[in-house]
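A.B. asks: data-v5.txt is reproduced below (compact mmCIF, C-alpha atoms).
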```
# COMPACT_ATOMS: atom_id res chain seq x y z
CA MET W 212 330.22 91.56 -5.22
CA LYS W 213 328.62 88.76 -7.23
CA HIS W 214 329.24 86.36 -4.36
CA PHE W 215 327.46 88.76 -2.03
CA PHE W 216 324.21 88.63 -3.95
CA GLN W 217 324.35 84.93 -4.61
CA LYS W 218 324.47 84.25 -0.90
CA LEU W 219 321.52 86.40 0.10
CA ASP W 220 318.89 84.02 1.44
CA PHE W 221 315.47 85.03 0.18
CA SER W 222 313.09 83.12 2.35
CA HIS W 223 310.04 84.05 0.31
CA ASN W 224 311.23 82.80 -3.05
CA ALA W 225 311.98 86.24 -4.36
CA LYS W 226 311.91 86.44 -8.10
CA SER W 227 315.10 86.92 -10.01
CA TYR W 228 314.11 90.42 -11.06
CA LEU W 229 314.23 91.37 -7.41
CA SER W 230 317.87 90.40 -7.34
CA TYR W 231 318.52 92.73 -10.23
CA LEU W 232 316.62 95.43 -8.45
CA LEU W 233 318.73 94.86 -5.35
CA ILE W 234 321.89 95.10 -7.39
CA GLY W 235 320.70 98.34 -8.91
CA LEU W 236 319.72 99.79 -5.58
CA LEU W 237 322.95 98.80 -3.91
CA LEU W 238 325.09 100.07 -6.73
CA SER W 239 323.30 103.39 -6.74
CA SER W 240 323.93 103.68 -3.00
CA TYR W 241 327.55 102.76 -3.46
CA ASN W 242 327.93 105.58 -5.94
CA LEU W 243 326.38 107.97 -3.52
CA TYR W 244 328.92 106.92 -0.94
CA ALA W 245 331.70 107.73 -3.30
CA GLU W 246 330.58 111.36 -3.07
CA ASP W 247 331.90 113.73 -0.44
CA VAL W 248 329.66 113.12 2.56
CA SER W 249 330.46 116.54 4.00
CA ALA W 250 328.68 118.01 0.98
CA LYS W 251 325.42 116.42 2.09
CA PRO W 252 323.00 118.59 4.01
CA SER W 253 322.97 118.47 7.81
CA PRO W 254 319.75 117.35 9.42
CA ALA W 255 317.31 119.78 10.97
CA VAL W 256 316.53 119.14 14.63
CA GLU W 257 312.86 119.24 15.52
CA THR W 258 311.60 119.02 19.07
CA ILE W 259 308.44 117.00 19.48
CA THR W 260 306.63 116.91 22.81
CA ALA W 261 305.31 113.55 23.98
CA ASP W 262 301.99 113.17 25.82
CA ASP W 263 303.89 113.02 29.10
CA GLU W 264 305.35 116.46 28.22
CA THR W 265 308.82 115.08 27.52
CA ASP W 266 310.60 117.02 24.79
CA ILE W 267 312.21 114.68 22.27
CA ASP W 268 314.79 115.98 19.83
CA VAL W 269 314.37 114.41 16.42
CA ARG W 270 317.02 114.76 13.73
CA VAL W 271 315.15 115.09 10.45
CA PHE W 272 316.83 114.24 7.15
CA LYS W 273 314.28 115.78 4.78
CA ALA W 274 313.43 114.20 1.47
CA ASP W 275 310.86 114.59 -1.29
CA GLY W 276 309.84 110.94 -1.62
CA LYS W 277 306.80 109.15 -0.29
CA GLN W 278 308.51 107.06 2.40
CA LEU W 279 309.57 108.11 5.87
CA LEU W 280 311.75 106.02 8.13
CA ILE W 281 311.78 106.49 11.91
CA GLY W 282 314.79 104.74 13.26
CA PHE W 283 317.82 104.14 15.35
CA ALA W 284 315.73 105.25 18.27
CA CYS W 285 318.25 104.58 20.98
CA ASP W 286 321.52 105.30 19.30
CA GLN W 287 321.22 109.06 19.76
CA GLY W 288 322.09 109.38 16.11
CA SER W 289 325.75 109.45 17.06
CA SER W 290 326.91 106.57 14.90
CA VAL W 291 328.79 107.74 11.84
CA ALA W 292 327.46 104.85 9.72
CA GLU W 293 323.88 105.61 10.65
CA GLU W 294 324.28 109.32 9.95
CA LYS W 295 325.76 108.58 6.54
CA THR W 296 323.01 106.06 5.86
CA ALA W 297 320.33 108.59 6.76
CA GLN W 298 321.92 111.23 4.53
CA SER W 299 322.20 108.82 1.66
CA LEU W 300 318.61 107.64 2.02
CA ALA W 301 317.40 111.25 2.13
CA MET W 302 319.28 112.02 -1.08
CA ASP W 303 317.44 109.08 -2.63
CA GLY W 304 314.07 110.47 -1.54
CA ILE W 305 313.52 108.55 1.70
CA GLU W 306 313.03 110.89 4.65
CA VAL W 307 314.68 109.74 7.88
CA TRP W 308 313.78 110.80 11.40
CA MET W 309 316.13 109.89 14.22
CA PRO W 310 314.61 110.56 17.62
CA ASP W 311 316.96 110.76 20.60
CA MET W 312 314.86 108.81 23.07
CA LEU W 313 317.58 108.17 25.66
CA SER W 314 318.48 111.82 26.14
CA ALA W 315 314.83 112.85 26.17
CA TYR W 316 314.10 110.49 29.06
CA MET W 317 317.51 111.13 30.66
CA LEU W 318 318.45 107.46 30.47
CA PRO W 319 321.97 106.03 30.34
CA LYS W 320 323.17 104.24 27.18
CA VAL W 321 322.64 100.75 28.58
CA ARG W 322 320.41 97.89 27.50
CA SER W 323 318.17 98.09 30.56
CA SER W 324 317.24 101.67 29.62
CA LEU W 325 315.15 100.35 26.74
CA LYS W 326 312.52 99.03 29.12
CA GLU W 327 312.25 102.50 30.63
CA ILE W 328 311.31 104.21 27.39
CA PRO W 329 307.53 104.54 27.33
CA THR W 330 305.97 103.47 24.05
CA ASN W 331 303.81 106.59 24.21
CA GLY W 332 307.01 108.59 23.88
CA LEU W 333 307.26 107.62 20.24
CA PHE W 334 303.56 108.10 19.52
CA ASN W 335 303.62 111.83 18.93
CA ILE W 336 306.65 111.38 16.70
CA ILE W 337 304.71 108.88 14.60
CA LYS W 338 301.67 111.20 14.59
CA LYS W 339 303.81 114.08 13.39
CA ALA W 340 305.44 111.84 10.79
CA LYS W 341 302.00 110.79 9.57
CA GLN W 342 301.13 114.45 8.97
CA THR W 343 303.67 114.45 6.14
CA HIS W 344 301.33 112.00 4.31
CA LYS W 345 304.30 109.73 3.63
CA LYS W 346 304.28 106.01 4.33
CA VAL W 347 305.91 105.62 7.75
CA TYR W 348 308.25 102.72 8.56
CA LEU W 349 310.12 101.84 11.74
CA VAL W 350 313.68 100.52 11.92
CA ALA W 351 315.84 99.40 14.85
CA SER W 352 318.79 97.16 15.58
CA GLY W 353 319.85 94.80 18.38
CA PRO W 354 317.85 95.01 21.61
CA ASP W 355 316.23 98.28 20.42
CA THR W 356 314.05 96.08 18.24
CA ASP W 357 311.93 95.21 21.30
CA LEU W 358 310.98 98.87 21.70
CA ILE W 359 310.01 99.17 18.04
CA LEU W 360 307.81 96.06 18.24
CA ARG W 361 306.15 97.33 21.43
CA VAL W 362 305.46 100.67 19.77
CA ALA W 363 304.10 99.03 16.61
CA LYS W 364 301.70 96.89 18.63
CA LYS W 365 300.40 99.83 20.69
CA TRP W 366 300.08 102.01 17.61
CA GLU W 367 298.05 99.35 15.84
CA GLU W 368 295.76 98.97 18.84
CA SER W 369 294.99 102.66 19.01
CA HIS W 370 295.31 103.81 15.38
CA GLN W 371 293.65 101.17 13.25
CA GLU W 372 292.75 103.73 10.61
CA SER W 373 296.31 104.94 10.27
CA LYS W 374 298.52 101.98 9.52
CA LEU W 375 302.29 102.03 9.47
CA GLY W 376 304.14 100.73 6.42
CA GLY W 377 306.21 98.09 8.16
CA ILE W 378 309.19 97.34 10.37
CA ILE W 379 312.86 96.61 9.69
CA LEU W 380 314.62 94.63 12.43
CA MET W 381 318.39 94.58 12.01
CA PHE W 382 320.12 91.84 14.01
CA PRO W 383 317.21 91.63 16.44
CA ARG W 384 318.11 90.52 19.96
CA LEU W 385 314.73 89.56 21.31
CA ASN W 386 315.49 86.65 23.63
CA LYS W 387 313.88 86.94 27.03
CA HIS W 388 316.54 84.86 28.79
CA LYS W 389 320.11 83.67 28.34
CA PRO W 390 320.26 80.89 25.73
CA GLU W 391 320.02 77.32 27.01
CA PRO W 392 321.55 74.62 24.83
CA GLY W 393 318.90 72.13 23.76
CA LYS W 394 316.01 74.49 24.34
CA ALA W 395 314.20 76.79 21.95
CA PRO W 396 314.46 80.47 22.89
CA GLU W 397 311.68 82.34 24.60
CA TYR W 398 311.13 85.80 23.16
CA GLN W 399 310.16 89.17 24.56
CA ASP W 400 306.43 89.74 24.97
CA SER W 401 306.49 92.18 22.05
CA VAL W 402 307.24 89.37 19.57
CA GLY W 403 304.31 88.12 17.51
CA LYS W 404 301.95 90.93 18.49
CA THR W 405 301.90 93.14 15.39
CA THR W 406 300.32 92.48 12.01
CA LEU W 407 302.69 94.84 10.18
CA PRO W 408 305.02 93.37 7.57
CA ILE W 409 308.49 92.81 8.98
CA MET W 410 311.92 92.51 7.39
CA VAL W 411 314.57 90.79 9.52
CA LEU W 412 318.22 91.29 8.56
CA GLU W 413 320.78 89.06 10.26
CA GLY W 414 324.53 88.59 9.85
CA GLU W 415 325.77 85.27 8.57
CA ARG W 416 328.69 85.21 10.99
CA THR W 417 326.69 85.15 14.19
CA PRO W 418 325.12 82.14 15.93
CA ASN W 419 321.85 84.08 15.91
CA ARG W 420 321.51 83.13 12.24
CA TRP W 421 320.49 79.67 13.41
CA GLY W 422 317.55 81.15 15.27
CA LEU W 423 316.33 83.15 12.29
CA GLY W 424 313.73 80.59 11.19
CA HIS W 425 312.46 80.18 14.73
CA LEU W 426 312.21 83.93 15.26
CA THR W 427 310.48 84.37 11.91
CA LYS W 428 307.78 81.90 12.93
CA ALA W 429 307.34 83.66 16.28
CA LEU W 430 306.97 87.05 14.57
CA GLU W 431 304.47 85.60 12.09
CA LYS W 432 302.16 84.58 14.94
CA GLY W 433 300.84 88.13 15.10
CA GLY W 434 299.75 87.94 11.47
CA SER W 435 302.78 89.68 9.99
CA THR W 436 304.32 88.80 6.67
CA VAL W 437 307.93 88.28 7.67
CA TYR W 438 310.90 88.39 5.32
CA ALA W 439 314.24 87.17 6.66
CA LYS W 440 317.53 87.87 4.93
CA LEU W 441 320.96 86.63 5.86
CA ILE W 442 323.75 89.10 5.06
CA PRO W 443 326.83 87.08 4.09
CA ASP W 444 330.25 87.43 5.71
CA VAL W 445 329.27 89.91 8.40
CA ARG W 446 328.84 89.71 12.15
CA GLY W 447 325.94 91.19 14.06
CA TYR W 448 326.13 94.97 14.65
CA PHE W 449 328.69 95.14 11.87
CA PHE W 450 328.06 98.82 11.28
CA LYS W 451 328.70 99.67 14.92
CA ARG W 452 331.91 97.70 15.32
CA ASN W 453 335.31 99.22 16.06
CA ASP W 454 337.06 96.30 14.35
CA PRO W 455 335.21 95.88 11.05
CA ASN W 456 336.70 93.50 8.50
CA VAL W 457 336.62 94.10 4.75
CA PRO W 458 333.16 92.60 4.05
CA GLU W 459 331.74 94.49 7.04
CA ASP W 460 333.13 97.78 5.76
CA LEU W 461 331.68 97.03 2.35
CA VAL W 462 328.22 96.13 3.65
CA THR W 463 328.23 99.17 5.96
CA SER W 464 328.77 101.34 2.90
CA GLN W 465 325.79 99.57 1.35
CA LEU W 466 323.42 99.99 4.29
CA PRO W 467 321.22 102.49 2.43
CA GLY W 468 320.79 99.95 -0.36
CA LEU W 469 319.86 97.21 2.10
CA ILE W 470 317.28 99.47 3.71
CA LYS W 471 315.84 100.50 0.35
CA ALA W 472 315.59 96.86 -0.68
CA SER W 473 313.89 96.11 2.65
CA LEU W 474 311.36 98.90 2.07
CA PHE W 475 310.67 97.46 -1.37
CA PHE W 476 309.86 94.04 0.11
CA LEU W 477 307.73 95.57 2.86
CA GLY W 478 305.81 97.51 0.22
CA ARG W 479 305.01 94.28 -1.59
CA ALA W 480 303.45 92.79 1.54
CA HIS W 481 300.46 95.17 1.49
CA MET E 98 334.58 110.17 54.61
CA ILE E 99 334.36 106.71 56.18
CA LYS E 100 331.13 106.12 54.29
CA VAL E 101 332.82 107.06 51.02
CA MET E 102 335.74 104.73 51.76
CA LEU E 103 333.37 101.89 52.64
CA SER E 104 331.43 102.45 49.44
CA LEU E 105 334.65 102.30 47.43
CA VAL E 106 335.72 99.08 49.16
CA LEU E 107 332.27 97.62 48.49
CA LEU E 108 332.42 98.64 44.84
CA VAL E 109 335.84 97.04 44.38
CA ALA E 110 334.65 93.89 46.17
CA LEU E 111 331.60 93.73 43.93
CA GLN E 112 333.70 94.13 40.81
CA ILE E 113 335.96 91.30 41.92
CA ALA E 114 332.99 89.14 42.80
CA THR E 115 331.00 89.75 39.64
CA PRO E 116 332.96 87.68 37.10
CA SER E 117 332.88 84.50 39.17
CA ALA E 118 329.24 85.05 40.05
CA GLN E 119 328.43 85.27 36.35
CA ALA E 120 330.73 82.43 35.22
CA ALA E 121 329.02 79.77 33.15
CA GLU E 122 328.24 76.56 35.03
CA LEU E 123 327.11 73.10 34.09
CA LYS E 124 323.36 72.90 34.32
CA GLU E 125 321.34 69.71 34.87
CA ALA E 126 319.85 68.88 31.47
CA GLY E 127 316.65 67.26 32.71
CA ASP E 128 314.79 65.39 29.99
CA ILE E 129 316.51 66.71 26.86
CA PRO E 130 316.72 63.76 24.46
CA THR E 131 320.06 63.07 22.78
CA PRO E 132 319.72 63.69 19.03
CA ALA E 133 321.79 61.69 16.56
CA LEU E 134 325.17 63.11 15.60
CA LYS E 135 327.02 61.62 12.66
CA LEU E 136 329.27 63.93 10.69
CA GLU E 137 332.46 64.18 8.74
CA THR E 138 335.46 65.43 10.67
CA LEU E 139 337.96 68.00 9.49
CA LYS E 140 340.32 65.10 8.78
CA GLY E 141 337.75 63.46 6.50
CA GLU E 142 336.55 60.54 8.66
CA THR E 143 332.88 60.04 9.47
CA ILE E 144 332.23 59.89 13.18
CA ASP E 145 329.10 58.86 15.04
CA LEU E 146 328.34 59.89 18.62
CA LYS E 147 327.04 56.35 19.21
CA ASP E 148 330.59 55.04 18.79
CA PHE E 149 331.53 56.66 22.09
CA GLU E 150 329.10 54.91 24.40
CA GLY E 151 330.93 54.05 27.59
CA LYS E 152 332.70 57.42 27.59
CA VAL E 153 331.80 60.82 28.92
CA VAL E 154 331.42 62.98 25.80
CA LEU E 155 331.50 66.74 25.56
CA VAL E 156 329.64 67.85 22.44
CA GLN E 157 330.37 71.48 21.76
CA PHE E 158 328.80 73.61 19.02
CA TRP E 159 331.19 76.39 18.07
CA ALA E 160 332.20 78.81 15.33
CA THR E 161 335.47 80.48 14.34
CA TYR E 162 333.94 83.95 14.81
CA CYS E 163 332.90 83.12 18.38
CA THR E 164 335.41 84.78 20.72
CA PRO E 165 334.63 82.69 23.84
CA CYS E 166 335.01 79.51 21.74
CA ARG E 167 338.51 80.52 20.70
CA LYS E 168 339.40 81.55 24.26
CA GLU E 169 338.32 78.33 25.95
CA MET E 170 339.83 75.81 23.52
CA PRO E 171 343.25 75.67 25.26
CA SER E 172 341.45 74.77 28.48
CA MET E 173 339.66 71.98 26.60
CA ASN E 174 343.06 70.64 25.52
CA ASN E 175 344.13 70.69 29.18
CA LEU E 176 340.93 68.98 30.25
CA ILE E 177 341.71 66.04 27.98
CA LYS E 178 345.16 65.70 29.56
CA LYS E 179 343.81 65.94 33.11
CA LEU E 180 341.13 63.31 32.48
CA GLU E 181 343.62 61.05 30.70
CA ALA E 182 345.82 61.22 33.80
CA THR E 183 342.92 59.92 35.89
CA LYS E 184 342.06 57.27 33.25
CA THR E 185 338.60 58.76 32.80
CA PRO E 186 337.11 57.65 29.46
CA PHE E 187 336.41 60.98 27.78
CA LYS E 188 335.94 62.43 24.30
CA ILE E 189 335.36 65.91 22.92
CA LEU E 190 333.38 66.32 19.71
CA ALA E 191 333.50 69.95 18.64
CA VAL E 192 330.85 70.60 15.99
CA ASN E 193 331.51 73.61 13.81
CA MET E 194 328.36 75.58 12.98
CA GLY E 195 328.09 75.80 9.21
CA GLU E 196 331.48 77.18 8.16
CA SER E 197 333.71 76.08 5.30
CA LYS E 198 336.56 73.60 5.65
CA GLU E 199 339.03 76.36 4.69
CA GLU E 200 337.76 78.71 7.39
CA ILE E 201 337.93 75.98 10.02
CA GLN E 202 341.38 74.80 8.96
CA LYS E 203 342.75 78.35 9.19
CA PHE E 204 341.38 78.61 12.74
CA VAL E 205 342.67 75.17 13.73
CA ASP E 206 346.18 76.01 12.50
CA ILE E 207 346.27 78.97 14.88
CA VAL E 208 344.32 77.75 17.93
CA LYS E 209 345.46 74.09 17.69
CA PRO E 210 342.59 72.21 19.30
CA GLU E 211 343.64 68.66 20.23
CA PHE E 212 340.18 67.18 19.87
CA THR E 213 337.86 66.06 17.09
CA ILE E 214 336.42 68.82 14.92
CA MET E 215 333.20 67.83 13.16
CA MET E 216 331.75 69.86 10.31
CA ASP E 217 328.04 70.58 10.20
CA THR E 218 328.26 72.48 6.94
CA GLN E 219 324.49 72.66 6.39
CA GLY E 220 323.68 73.33 10.03
CA GLU E 221 321.29 70.37 10.21
CA ASN E 222 322.70 69.18 13.52
CA VAL E 223 322.71 72.71 14.89
CA GLN E 224 318.97 72.70 14.32
CA ALA E 225 318.39 69.14 15.57
CA TRP E 226 320.24 69.88 18.81
CA ASN E 227 318.30 73.14 19.33
CA VAL E 228 321.39 75.28 19.32
CA PHE E 229 320.80 79.02 19.05
CA ALA E 230 324.05 80.40 20.49
CA ALA E 231 327.76 79.61 20.68
CA PRO E 232 329.45 78.00 22.40
CA SER E 233 326.65 75.57 23.31
CA ASN E 234 327.84 72.54 25.26
CA PHE E 235 326.24 69.20 26.02
CA VAL E 236 327.88 66.77 28.46
CA ILE E 237 326.80 63.22 27.74
CA ASN E 238 327.18 60.36 30.19
CA PRO E 239 328.58 56.92 29.28
CA LYS E 240 325.03 55.68 28.60
CA GLY E 241 324.49 58.33 25.94
CA LYS E 242 322.21 60.61 27.94
CA ILE E 243 322.69 64.39 28.02
CA ARG E 244 323.38 65.10 31.69
CA TYR E 245 324.51 68.71 31.62
CA THR E 246 324.33 71.69 29.32
CA LEU E 247 326.38 74.86 29.41
CA PHE E 248 326.17 78.05 27.40
CA GLY E 249 329.15 80.37 27.14
CA GLY E 250 332.87 80.19 27.65
CA VAL E 251 334.33 78.47 30.70
CA ASP E 252 337.64 77.16 32.05
CA TRP E 253 337.14 73.52 31.23
CA ASP E 254 340.31 72.49 33.08
CA SER E 255 339.25 73.88 36.46
CA ASP E 256 339.42 71.38 39.35
CA GLU E 257 335.68 71.64 39.83
CA MET E 258 334.96 70.78 36.21
CA VAL E 259 337.43 67.90 36.14
CA GLU E 260 335.88 66.42 39.30
CA LYS E 261 332.38 66.76 37.91
CA LEU E 262 333.25 64.97 34.67
CA LYS E 263 335.18 62.27 36.53
CA ALA E 264 332.16 61.68 38.75
CA LEU E 265 329.97 61.39 35.67
CA ALA E 266 332.13 58.57 34.31
CA ASP E 267 331.66 56.64 37.55
CA GLU E 268 327.98 57.49 37.91
CA PRO E 269 325.73 54.48 38.44
CA GLU E 270 322.67 54.29 36.16
CA SER E 271 320.24 54.62 39.08
CA SER E 272 321.57 58.06 40.13
CA VAL E 273 320.94 59.37 36.61
CA ALA E 274 317.30 58.43 36.92
CA ASP E 275 317.10 60.02 40.39
CA ASP E 276 318.62 63.28 39.18
CA SER E 277 316.33 63.41 36.16
CA ASP E 278 313.37 63.01 38.47
CA LYS E 279 314.63 65.90 40.57
CA ALA E 280 314.97 68.07 37.48
CA LYS E 281 311.31 67.53 36.66
```
Here is the file; what I need is its structure written in the form of structure tokens.

C.D. replies:
Amino acid sequence: MKHFFQKLDFSHNAKSYLSYLLIGLLLSSYNLYAEDVSAKPSPAVETITADDETDIDVRVFKADGKQLLIGFACDQGSSVAEEKTAQSLAMDGIEVWMPDMLSAYMLPKVRSSLKEIPTNGLFNIIKKAKQTHKKVYLVASGPDTDLILRVAKKWEESHQESKLGGIILMFPRLNKHKPEPGKAPEYQDSVGKTTLPIMVLEGERTPNRWGLGHLTKALEKGGSTVYAKLIPDVRGYFFKRNDPNVPEDLVTSQLPGLIKASLFFLGRAH
Amino acid sequence: MIKVMLSLVLLVALQIATPSAQAAELKEAGDIPTPALKLETLKGETIDLKDFEGKVVLVQFWATYCTPCRKEMPSMNNLIKKLEATKTPFKILAVNMGESKEEIQKFVDIVKPEFTIMMDTQGENVQAWNVFAAPSNFVINPKGKIRYTLFGGVDWDSDEMVEKLKALADEPESSVADDSDKAK
């Protein structure tokens, strides 16, 4: 466990007290995981209608705190790890909304579907989330991160008076093309367009870690404060894998803590 | 019914065709400059890319957690044997991307690569060579110029690959310049 924290790479010279905070947060999450998950409340399903009259089912994990996380937009909320994470976060006061965008737009679970999801589809969900008067954050993983960045940009353009709290990108896959050795990657058009603070989480055991600095600079071009953290001993998508190793199982159980720590950093950026 | 049958045949044909259509291929490198590469090997020697001028060199950036890297290494062993048989001066420098000596040794004991493993423990060369994915390959001609790049796993011992690397060893300097011009 000690090794885990020592290896976290805080790109913004985080103070040592932040490390202690992280430890506290992670440990508290770990304890929550030790509880019987089945005892945790099931989410309520709310249907929110988008401007194009599409009905989107949103699984709402209610909480009393002041933060609200809209996330895992394209996973249909089916992942066990994500469900547990949402429950755990809710028990710690962070409300989680998981919209099922793919089913709403009748799209197959494939990467190309992401391009088909209209950014406006998420707008009414954000509007509704804003009505709770909580600080609203967006989170996504893998290629879904492109959708979140597109949505953030459009939201900023049209709702300058109603800012979002920030964005968490887990293992972002934002390359426009296949990698070419010897050449810097070109990113999706959504990269570097938002001013919101961004937290990027990347696995240490993936070649993408070597692009983390490059991606951070590209994201900063929009004016964002970008934090990048390397999670030791895990591969990308570790919480979605069928063959997790011991560190991946451990970090999966600590996902709520990682997200809470990310929200803490994003809160500092304002 | 005939239409259905034809569609099925077409589908099967497409599925057979897809893997080869998507197989990684050597790509003309154009004007990519050759960065320096001087690192300690797994065996503890320090090796410099410059020492291999006069040979075709395959510089590969790889990691133990990279599945295609693991899969293609036996074909890299075979490539060495095939090029040795044709007396083609050839060297493979496989640069590990930032892992520990212990991790690499464990991998080497299982996969048994018969080529030089270099250790870029701090990832400085990964950055200098603009590597953002694994495996990332650079094929360097006997004059030290990067002639081809290739991303992804491939059968390095295929006849096509062997012929291409053999041709590179015999390539006159003037044709390198011509090809670079074309790439522009």

A.B. asks: For W:Val462, work out the shell of residues within 9 Å, counting only C-alpha atoms and skipping chain neighbours fewer than 2 positions away, then give it as a ChimeraX atom specification.

C.D. replies: /W:442,445,449-450,457-460,464-466,469

A.B. asks: With all atoms listed in the file considered, list every residue of chain E at most 12 Å from chain W, as a ChimeraX atom specification.

C.D. replies: /E:119,121-132,156-164,166,193-197,200,219-236,243-249

A.B. asks: Would you please work out which residue, of E:Gly241, E:Gly151, E:Gly141, E:Pro171, is nearest to E:Ile207 when using all atoms listed in the file?

C.D. replies: E:Pro171

A.B. asks: What does the distance from atom CA of W:Gly414 to atom CA of W:Met381 come to in Å, to one decimal?

C.D. replies: 8.8 Å

A.B. asks: Tell me, as a ChimeraX atom specification, which residues lie within 9 Å of stretch 349-361 of chain W, counting all atoms listed in the file; anything in the same chain fewer than 3 positions away does not count.

C.D. replies: /W:279-286,322,325-326,328-330,364-366,375-386,399-405,447-448

A.B. asks: Could you state the separation of atom CA of W:Asp263 and atom CA of W:Ala315 in Å, given to one decimal place?

C.D. replies: 11.3 Å

A.B. asks: Pick the closest to W:Leu474 from W:Lys295, W:Pro254, W:Val347, W:Ala340: which is it, counting only C-alpha atoms?

C.D. replies: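 Closest candidate: W:Val347.
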
A.B. asks: If you measure from atom CA of E:Lys240 to atom CA of E:Thr185, what distance in Å do you get, rounded to one decimal?

C.D. replies: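 Going from atom CA of E:Lys240 over to atom CA of E:Thr185 covers 14.5 Å.
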
A.B. asks: Just the residues within 12 Å of W:Val271, please, counting only C-alpha atoms, with nothing from its chain fewer than 3 positions along; format it as an MDAnalysis selection string.

C.D. replies: chainID W and resid 252:259 268 274 279:282 288 294 297:298 300:301 305:311 336 339:340
